[in-house]
file upload11.cif (mmCIF, C-alpha atoms and all ligand atoms)
data_entry
loop_
_atom_site.label_atom_id
_atom_site.label_comp_id
_atom_site.auth_asym_id
_atom_site.auth_seq_id
_atom_site.Cartn_x
_atom_site.Cartn_y
_atom_site.Cartn_z
CA MET A 181 -36.44 22.12 -7.66
CA SER A 182 -32.72 22.50 -8.44
CA GLU A 183 -30.19 19.71 -7.71
CA PRO A 184 -28.11 20.29 -4.55
CA LEU A 185 -24.56 21.43 -5.32
CA LEU A 186 -21.80 18.84 -4.81
CA THR A 187 -19.68 19.61 -1.77
CA VAL A 188 -15.90 19.90 -2.30
CA ALA A 189 -15.42 16.53 -0.54
CA ASP A 190 -18.01 14.82 -2.72
CA SER A 191 -16.50 16.17 -5.89
CA LEU A 192 -13.04 14.95 -4.84
CA LYS A 193 -14.35 11.41 -4.33
CA ASP A 194 -16.41 11.47 -7.51
CA ARG A 195 -13.60 12.86 -9.64
CA ALA A 196 -11.11 10.33 -8.28
CA ARG A 197 -13.58 7.50 -8.83
CA ALA A 198 -14.13 8.60 -12.43
CA ALA A 199 -10.38 8.95 -13.00
CA LEU A 200 -9.72 5.43 -11.71
CA GLY A 201 -12.30 3.77 -13.94
CA SER A 202 -12.04 -0.02 -13.76
CA ARG A 203 -8.38 -0.01 -12.74
CA ASN A 204 -7.13 -1.13 -9.36
CA LEU A 205 -5.42 1.32 -7.04
CA ILE A 206 -2.42 -0.35 -5.43
CA LEU A 207 -0.63 1.14 -2.44
CA VAL A 208 3.07 0.35 -2.08
CA GLY A 209 5.79 1.53 0.30
CA LEU A 210 7.72 0.62 3.40
CA MET A 211 6.33 -0.82 6.64
CA GLY A 212 4.54 1.89 8.60
CA ALA A 213 3.84 4.12 5.58
CA GLY A 214 0.10 3.75 6.19
CA LYS A 215 -0.78 1.46 3.25
CA SER A 216 -3.23 -0.68 5.23
CA SER A 217 -4.97 2.07 7.18
CA VAL A 218 -5.02 4.77 4.49
CA GLY A 219 -5.97 2.22 1.81
CA ARG A 220 -9.08 1.25 3.75
CA ILE A 221 -10.21 4.90 3.93
CA VAL A 222 -9.47 5.49 0.23
CA ALA A 223 -11.59 2.46 -0.71
CA SER A 224 -14.46 3.62 1.44
CA GLN A 225 -14.28 7.11 -0.11
CA LEU A 226 -14.33 5.60 -3.59
CA ALA A 227 -17.03 3.09 -2.58
CA ILE A 228 -15.06 0.18 -4.05
CA PRO A 229 -13.77 -2.99 -2.33
CA PHE A 230 -10.66 -2.87 -0.16
CA ILE A 231 -8.22 -5.74 0.18
CA ASP A 232 -5.04 -5.87 2.21
CA SER A 233 -2.73 -8.45 0.64
CA ASP A 234 -1.24 -9.46 4.01
CA HIS A 235 -4.73 -10.13 5.37
CA GLU A 236 -5.57 -12.14 2.27
CA ILE A 237 -2.36 -14.16 2.67
CA GLU A 238 -3.24 -14.79 6.33
CA ARG A 239 -6.76 -15.80 5.36
CA VAL A 240 -5.76 -18.32 2.70
CA SER A 241 -2.87 -19.78 4.68
CA ARG A 242 -4.69 -19.69 8.02
CA MET A 243 -1.42 -18.46 9.52
CA THR A 244 -0.19 -15.05 10.61
CA ILE A 245 2.59 -13.30 8.68
CA THR A 246 4.90 -13.97 11.63
CA GLU A 247 4.04 -17.69 11.60
CA LEU A 248 4.54 -17.90 7.82
CA PHE A 249 8.01 -16.34 8.01
CA ALA A 250 8.95 -18.61 10.92
CA ALA A 251 7.66 -21.81 9.34
CA TYR A 252 8.60 -21.35 5.67
CA GLY A 253 10.99 -18.38 5.44
CA GLU A 254 10.85 -15.22 3.37
CA GLU A 255 11.27 -16.88 -0.03
CA GLU A 256 8.15 -19.03 0.35
CA PHE A 257 6.26 -16.03 1.72
CA ARG A 258 7.19 -14.05 -1.41
CA ALA A 259 6.02 -16.88 -3.68
CA LEU A 260 2.67 -16.95 -1.89
CA GLU A 261 2.47 -13.14 -2.01
CA THR A 262 3.05 -13.19 -5.79
CA ARG A 263 0.23 -15.72 -6.32
CA VAL A 264 -2.18 -13.83 -4.09
CA MET A 265 -1.39 -10.48 -5.74
CA LYS A 266 -1.82 -11.94 -9.23
CA ARG A 267 -5.27 -13.20 -8.28
CA LEU A 268 -6.34 -10.02 -6.48
CA LEU A 269 -5.39 -7.85 -9.44
CA LYS A 270 -7.22 -9.87 -12.09
CA SER A 271 -10.31 -7.67 -11.85
CA GLY A 272 -11.06 -4.19 -10.67
CA PRO A 273 -11.70 -1.63 -9.48
CA ARG A 274 -10.34 -2.36 -6.01
CA VAL A 275 -8.00 -0.70 -3.58
CA VAL A 276 -5.23 -3.17 -2.78
CA SER A 277 -2.81 -2.39 0.03
CA THR A 278 0.35 -4.44 -0.36
CA GLY A 279 2.89 -5.62 2.18
CA GLY A 280 6.09 -3.56 2.05
CA GLY A 281 8.11 -6.14 0.12
CA ALA A 282 5.55 -6.90 -2.59
CA PHE A 283 6.61 -4.20 -5.07
CA ILE A 284 10.26 -5.11 -4.51
CA ASN A 285 9.76 -8.61 -5.87
CA GLU A 286 10.15 -8.47 -9.64
CA ARG A 287 7.34 -10.87 -10.49
CA THR A 288 4.89 -9.25 -8.09
CA ARG A 289 5.88 -5.82 -9.39
CA ARG A 290 5.01 -6.94 -12.91
CA HIS A 291 1.52 -7.97 -11.78
CA ILE A 292 1.08 -4.64 -9.99
CA LYS A 293 2.19 -2.64 -13.02
CA LYS A 294 -0.21 -4.53 -15.24
CA GLY A 295 -3.04 -4.56 -12.72
CA GLY A 296 -3.64 -0.86 -12.17
CA LEU A 297 -2.37 2.42 -10.85
CA SER A 298 0.37 2.14 -8.20
CA VAL A 299 0.84 4.75 -5.48
CA TRP A 300 3.98 4.94 -3.35
CA LEU A 301 3.29 6.24 0.15
CA LYS A 302 6.70 7.71 0.87
CA ALA A 303 7.71 8.57 4.41
CA ASP A 304 10.89 9.49 6.23
CA LEU A 305 12.63 7.20 8.68
CA ASP A 306 11.42 8.86 11.87
CA VAL A 307 7.77 8.77 10.82
CA LEU A 308 8.05 5.08 9.90
CA TRP A 309 9.96 4.17 13.03
CA ASP A 310 7.52 5.96 15.29
CA ARG A 311 4.73 3.84 13.85
CA VAL A 312 6.32 0.41 13.54
CA ASN A 313 8.12 0.27 16.86
CA LYS A 314 4.81 0.06 18.70
CA ARG A 315 4.04 -3.44 17.38
CA ASP A 316 6.02 -6.63 16.91
CA THR A 317 4.08 -8.08 13.98
CA ARG A 318 6.79 -7.45 11.39
CA PRO A 319 9.27 -10.33 11.23
CA LEU A 320 11.84 -8.42 9.17
CA LEU A 321 12.28 -6.00 12.07
CA LYS A 322 13.08 -8.66 14.66
CA THR A 323 16.75 -7.77 14.61
CA GLU A 324 19.21 -6.38 17.16
CA ASN A 325 18.83 -2.87 15.80
CA PRO A 326 15.43 -2.64 14.09
CA LYS A 327 15.68 1.08 13.35
CA GLN A 328 18.92 0.48 11.47
CA THR A 329 17.29 -2.44 9.63
CA LEU A 330 14.45 -0.14 8.62
CA GLU A 331 16.99 2.40 7.36
CA SER A 332 18.81 -0.26 5.30
CA LEU A 333 15.49 -1.36 3.81
CA MET A 334 14.78 2.29 2.94
CA ASN A 335 18.09 2.64 1.14
CA ALA A 336 17.64 -0.58 -0.79
CA ARG A 337 13.98 -0.17 -1.62
CA TYR A 338 13.33 3.52 -2.25
CA PRO A 339 14.77 3.48 -5.80
CA ILE A 340 12.37 0.63 -6.61
CA TYR A 341 9.29 2.19 -4.99
CA ALA A 342 10.11 5.25 -7.12
CA GLN A 343 8.95 3.22 -10.15
CA ALA A 344 5.35 3.45 -8.90
CA ASP A 345 3.00 5.50 -11.08
CA LEU A 346 2.36 8.09 -8.35
CA THR A 347 4.08 9.22 -5.16
CA VAL A 348 2.31 10.69 -2.14
CA LEU A 349 4.25 11.95 0.86
CA SER A 350 3.08 10.17 4.01
CA ARG A 351 3.38 12.65 6.85
CA ASP A 352 2.23 13.00 10.41
CA VAL A 353 -1.24 14.21 9.55
CA ARG A 354 -4.58 12.47 10.04
CA LYS A 355 -5.13 9.35 7.96
CA GLU A 356 -8.20 10.98 6.37
CA ILE A 357 -5.98 13.79 5.08
CA MET A 358 -3.55 11.24 3.65
CA ALA A 359 -6.48 9.50 1.95
CA ASP A 360 -7.57 12.80 0.37
CA GLU A 361 -4.03 13.31 -0.90
CA VAL A 362 -4.14 9.91 -2.58
CA LEU A 363 -7.45 10.84 -4.24
CA LYS A 364 -5.98 14.15 -5.44
CA ALA A 365 -2.94 12.35 -6.89
CA VAL A 366 -5.23 10.00 -8.84
CA ILE A 367 -7.10 12.99 -10.30
CA GLU A 368 -3.86 14.81 -11.17
CA ALA A 369 -2.45 11.74 -12.90
CA GLN A 370 -5.55 11.47 -15.04
CA LYS A 371 -5.35 15.17 -16.00
CA GLU A 372 -1.71 14.77 -16.99
CA SER A 373 -2.32 11.69 -19.08
CA ALA A 374 -5.28 13.41 -20.80
CA ALA A 375 -3.08 16.42 -21.61
CA SER A 376 -0.24 14.41 -23.12
N1 LIG B 401 -1.29 9.32 8.90
C1 LIG B 401 -1.14 8.60 10.02
N2 LIG B 401 -1.15 9.23 11.19
C2 LIG B 401 -0.98 8.55 12.33
N3 LIG B 401 -0.82 7.20 12.40
C3 LIG B 401 -0.81 6.53 11.27
C4 LIG B 401 -0.97 7.18 10.02
N4 LIG B 401 -0.92 6.25 9.06
C5 LIG B 401 -0.74 5.06 9.69
N5 LIG B 401 -0.68 5.23 11.01
C6 LIG B 401 -0.48 4.19 12.04
O1 LIG B 401 0.80 3.62 11.78
C7 LIG B 401 0.75 2.21 11.95
C8 LIG B 401 1.17 1.55 10.66
O2 LIG B 401 0.18 1.82 9.67
P1 LIG B 401 -0.25 0.75 8.59
O3 LIG B 401 -1.42 1.29 7.88
O4 LIG B 401 -0.34 -0.60 9.19
O5 LIG B 401 1.05 0.81 7.64
P2 LIG B 401 1.59 -0.22 6.55
O6 LIG B 401 0.45 -1.07 6.11
O7 LIG B 401 2.12 0.67 5.46
O8 LIG B 401 2.69 -0.97 7.22
C9 LIG B 401 -0.68 1.87 12.39
O9 LIG B 401 -0.70 1.79 13.78
C10 LIG B 401 -1.47 3.05 11.90
O10 LIG B 401 -2.63 3.28 12.70
O1 LIG B 402 8.37 -4.92 4.09
C1 LIG B 402 8.18 -6.16 4.07
O2 LIG B 402 8.90 -6.93 3.43
C2 LIG B 402 7.01 -6.69 4.81
C3 LIG B 402 5.99 -5.83 5.19
C4 LIG B 402 4.80 -6.26 5.92
O3 LIG B 402 3.65 -5.50 5.53
P1 LIG B 402 3.46 -3.94 5.91
O4 LIG B 402 4.30 -3.13 4.95
O5 LIG B 402 2.01 -3.69 5.71
O6 LIG B 402 3.90 -3.77 7.31
C5 LIG B 402 4.53 -7.74 5.68
O7 LIG B 402 4.12 -8.00 4.36
C6 LIG B 402 5.75 -8.55 5.97
O8 LIG B 402 6.07 -8.39 7.33
C7 LIG B 402 6.95 -8.14 5.09
MG MG B 403 0.08 -3.16 6.01
#
call {"tool": "encode", "arguments": {"input": "upload11.cif", "output": "structure tokens", "more": "lines below"}}
Ligand SMILES: Nc1ncnc2c1ncn2[C@@H]1O[C@H](COP(=O)(O)OP(=O)(O)O)[C@@H](O)[C@H]1O
Ligand SMILES: O=C(O)C1=C[C@@H](OP(=O)(O)O)[C@@H](O)[C@H](O)C1
Ligand SMILES: [Mg+2]
result
Amino acid sequence: MSEPLLTVADSLKDRARAALGSRNLILVGLMGAGKSSVGRIVASQLAIPFIDSDHEIERVSRMTITELFAAYGEEEFRALETRVMKRLLKSGPRVVSTGGGAFINERTRRHIKKGGLSVWLKADLDVLWDRVNKRDTRPLLKTENPKQTLESLMNARYPIYAQADLTVLSRDVRKEIMADEVLKAVIEAQKESAAS
């Protein structure tokens, strides 16, 4: 009896999984880009573990991100984030979704660059705003004009996110489609590095 043919979806997953090898896949980008929700789907497609660095920080500190910012301030939060990221990236393969500021911190960025393939989920202001204004779990947006704060963060951070290995445009399409686009980008990156 002949083997069943791979479906297109199966071959996408399998090819992306092979292209990743033992590296980690690390999602970076601004709040609302979809790092946490798309990252979880990507990991399940690749059948490798998923970790959200904010969840890991909350687990080890037994505090929420909001409580950590309120009690210790952003600087201490970043120091904890660096330590957690360093540990998470020691072995792979894993999908690691970062908090929006992780890649901006120089030390954390170094761990990310060493620890695997980074993907910037890039989105425009209106897409991000639409998503983040529904929840109040992001301490950096507790300002008088949170949309303007988000825009300032975009201006300051986008040149740094651009240093990620890959960029995927995060649009208003289903999360599953975004996850497929991440898988395709991983495959493309592998093809390009094999050709060069
Ligand atoms: N492609 C998408 N389409 C619709 N909603 C999305 C999409 N990606 C993320 N979201 C929603 O936007 C919000 C922020 O997503 P999240 O994954 O937490 O982003 P991040 O971790 O980058 O801040 C969540 O409510 C999530 O369900
Ligand atoms: O952009 C940032 O500096 C932050 C983003 C948040 O994560 P998400 O990007 O997952 O919302 C969280 O780590 C914290 O509120 C700080
Ligand atoms: Mg997140």
call {"tool": "residues_near_point", "arguments": {"input": "upload11.cif", "point": "(4.7, -5.4, 2.0)", "cutoff": "12 Å", "atoms": "all atoms listed in the file", "output": "JSON, numbers by chain"}}
result
{"A": [206, 207, 208, 209, 210, 211, 212, 213, 214, 215, 216, 232, 233, 234, 235, 237, 245, 254, 257, 258, 261, 262, 265, 276, 277, 278, 279, 280, 281, 282, 283, 284, 285, 288, 289, 300, 301, 318, 319, 320, 333, 337, 341]}
call {"tool": "write_last_selection", "arguments": {"input": "upload11.cif", "atoms": "C-alpha atoms", "output": "compact mmCIF listing (two decimals), keeping the file's coordinate frame"}}
result
# COMPACT_ATOMS: atom_id res chain seq x y z
CA ILE A 206 -2.42 -0.35 -5.43
CA LEU A 207 -0.63 1.14 -2.44
CA VAL A 208 3.07 0.35 -2.08
CA GLY A 209 5.79 1.53 0.30
CA LEU A 210 7.72 0.62 3.40
CA MET A 211 6.33 -0.82 6.64
CA GLY A 212 4.54 1.89 8.60
CA ALA A 213 3.84 4.12 5.58
CA GLY A 214 0.10 3.75 6.19
CA LYS A 215 -0.78 1.46 3.25
CA SER A 216 -3.23 -0.68 5.23
CA ASP A 232 -5.04 -5.87 2.21
CA SER A 233 -2.73 -8.45 0.64
CA ASP A 234 -1.24 -9.46 4.01
CA HIS A 235 -4.73 -10.13 5.37
CA ILE A 237 -2.36 -14.16 2.67
CA ILE A 245 2.59 -13.30 8.68
CA GLU A 254 10.85 -15.22 3.37
CA PHE A 257 6.26 -16.03 1.72
CA ARG A 258 7.19 -14.05 -1.41
CA GLU A 261 2.47 -13.14 -2.01
CA THR A 262 3.05 -13.19 -5.79
CA MET A 265 -1.39 -10.48 -5.74
CA VAL A 276 -5.23 -3.17 -2.78
CA SER A 277 -2.81 -2.39 0.03
CA THR A 278 0.35 -4.44 -0.36
CA GLY A 279 2.89 -5.62 2.18
CA GLY A 280 6.09 -3.56 2.05
CA GLY A 281 8.11 -6.14 0.12
CA ALA A 282 5.55 -6.90 -2.59
CA PHE A 283 6.61 -4.20 -5.07
CA ILE A 284 10.26 -5.11 -4.51
CA ASN A 285 9.76 -8.61 -5.87
CA THR A 288 4.89 -9.25 -8.09
CA ARG A 289 5.88 -5.82 -9.39
CA TRP A 300 3.98 4.94 -3.35
CA LEU A 301 3.29 6.24 0.15
CA ARG A 318 6.79 -7.45 11.39
CA PRO A 319 9.27 -10.33 11.23
CA LEU A 320 11.84 -8.42 9.17
CA LEU A 333 15.49 -1.36 3.81
CA ARG A 337 13.98 -0.17 -1.62
CA TYR A 341 9.29 2.19 -4.99
call {"tool": "atom_distance", "arguments": {"input": "upload11.cif", "atom1": "CA of Gly201 (chain A)", "atom2": "atom O7 of ligand LIG 401 (chain B)"}}
result
24.4 Å
call {"tool": "residues_around", "arguments": {"input": "upload11.cif", "residues": "Leu305 (chain A)", "least_positions_apart": "3", "cutoff": "8 Å", "atoms": "all atoms listed in the file", "output": "PyMOL selection string"}}
result
chain A and resi 308-309+330-331+334
call {"tool": "closest_residue", "arguments": {"input": "upload11.cif", "among": "A:Arg274, A:Lys294, A:Ala303, A:Lys266", "to": "Leu200 (chain A)", "atoms": "only C-alpha atoms"}}
result
A:Arg274
call {"tool": "axis_aligned_box", "arguments": {"input": "upload11.cif", "around": "ligand LIG 401 (chain B)", "padding_each_side": "3 Å", "output": "lines of an AutoDock Vina configuration file"}}
result
center_x = 0.0
center_y = 4.1
center_z = 9.6
size_x = 11.3
size_y = 16.4
size_z = 14.3
call {"tool": "residues_around", "arguments": {"input": "upload11.cif", "residues": "region 362-376 of chain A", "least_positions_apart": "5", "cutoff": "7 Å", "atoms": "only C-alpha atoms", "output": "MDAnalysis selection string"}}
result
chainID A and resid 192:193 195:196 199 346 348
call {"tool": "closest_residue", "arguments": {"input": "upload11.cif", "among": "A:Lys270, A:Arg354, A:Arg239, A:Arg197", "to": "Gly296 (chain A)", "atoms": "only C-alpha atoms"}}
result
A:Lys270
call {"tool": "decode", "arguments": {"input": "upload11.cif", "residues": "region 292-312 of chain A", "atoms": "N, CA and C atoms", "output": "compact mmCIF listing (two decimals), in the first residue's frame"}}
result
# COMPACT_ATOMS: atom_id res chain seq x y z
N ILE A 292 18.77 36.79 23.16
CA ILE A 292 17.83 36.38 22.10
C ILE A 292 18.61 36.08 20.81
N LYS A 293 19.56 36.97 20.49
CA LYS A 293 20.30 36.76 19.24
C LYS A 293 21.12 35.47 19.28
N LYS A 294 21.64 35.17 20.45
CA LYS A 294 22.43 33.95 20.60
C LYS A 294 21.55 32.70 20.68
N GLY A 295 20.32 32.90 21.19
CA GLY A 295 19.49 31.75 21.56
C GLY A 295 18.61 31.20 20.46
N GLY A 296 18.62 31.80 19.28
CA GLY A 296 17.78 31.24 18.22
C GLY A 296 17.41 32.25 17.15
N LEU A 297 16.30 31.94 16.49
CA LEU A 297 15.85 32.74 15.36
C LEU A 297 14.78 33.71 15.88
N SER A 298 15.01 35.01 15.68
CA SER A 298 14.04 36.00 16.17
C SER A 298 13.11 36.45 15.05
N VAL A 299 11.84 36.60 15.39
CA VAL A 299 10.83 37.03 14.41
C VAL A 299 10.12 38.26 14.96
N TRP A 300 10.17 39.34 14.21
CA TRP A 300 9.44 40.57 14.59
C TRP A 300 8.04 40.51 14.00
N LEU A 301 7.03 40.50 14.86
CA LEU A 301 5.65 40.65 14.39
C LEU A 301 5.39 42.15 14.33
N LYS A 302 5.36 42.66 13.13
CA LYS A 302 5.27 44.12 12.93
C LYS A 302 3.83 44.51 12.58
N ALA A 303 3.31 45.48 13.30
CA ALA A 303 1.92 45.88 13.03
C ALA A 303 1.80 47.39 13.02
N ASP A 304 0.76 47.91 12.39
CA ASP A 304 0.62 49.37 12.43
C ASP A 304 -0.15 49.80 13.68
N LEU A 305 -0.11 51.10 13.91
CA LEU A 305 -0.64 51.64 15.18
C LEU A 305 -2.10 51.28 15.40
N ASP A 306 -2.92 51.39 14.36
CA ASP A 306 -4.36 51.15 14.58
C ASP A 306 -4.66 49.70 14.94
N VAL A 307 -3.93 48.79 14.31
CA VAL A 307 -4.11 47.36 14.65
C VAL A 307 -3.73 47.13 16.11
N LEU A 308 -2.59 47.67 16.51
CA LEU A 308 -2.11 47.47 17.89
C LEU A 308 -3.09 48.10 18.88
N TRP A 309 -3.50 49.30 18.58
CA TRP A 309 -4.37 50.04 19.50
C TRP A 309 -5.71 49.32 19.68
N ASP A 310 -6.25 48.87 18.58
CA ASP A 310 -7.51 48.14 18.62
C ASP A 310 -7.45 46.95 19.59
N ARG A 311 -6.28 46.33 19.62
CA ARG A 311 -6.13 45.12 20.45
C ARG A 311 -5.81 45.45 21.90
N VAL A 312 -4.94 46.44 22.13
CA VAL A 312 -4.51 46.65 23.52
C VAL A 312 -5.49 47.48 24.33
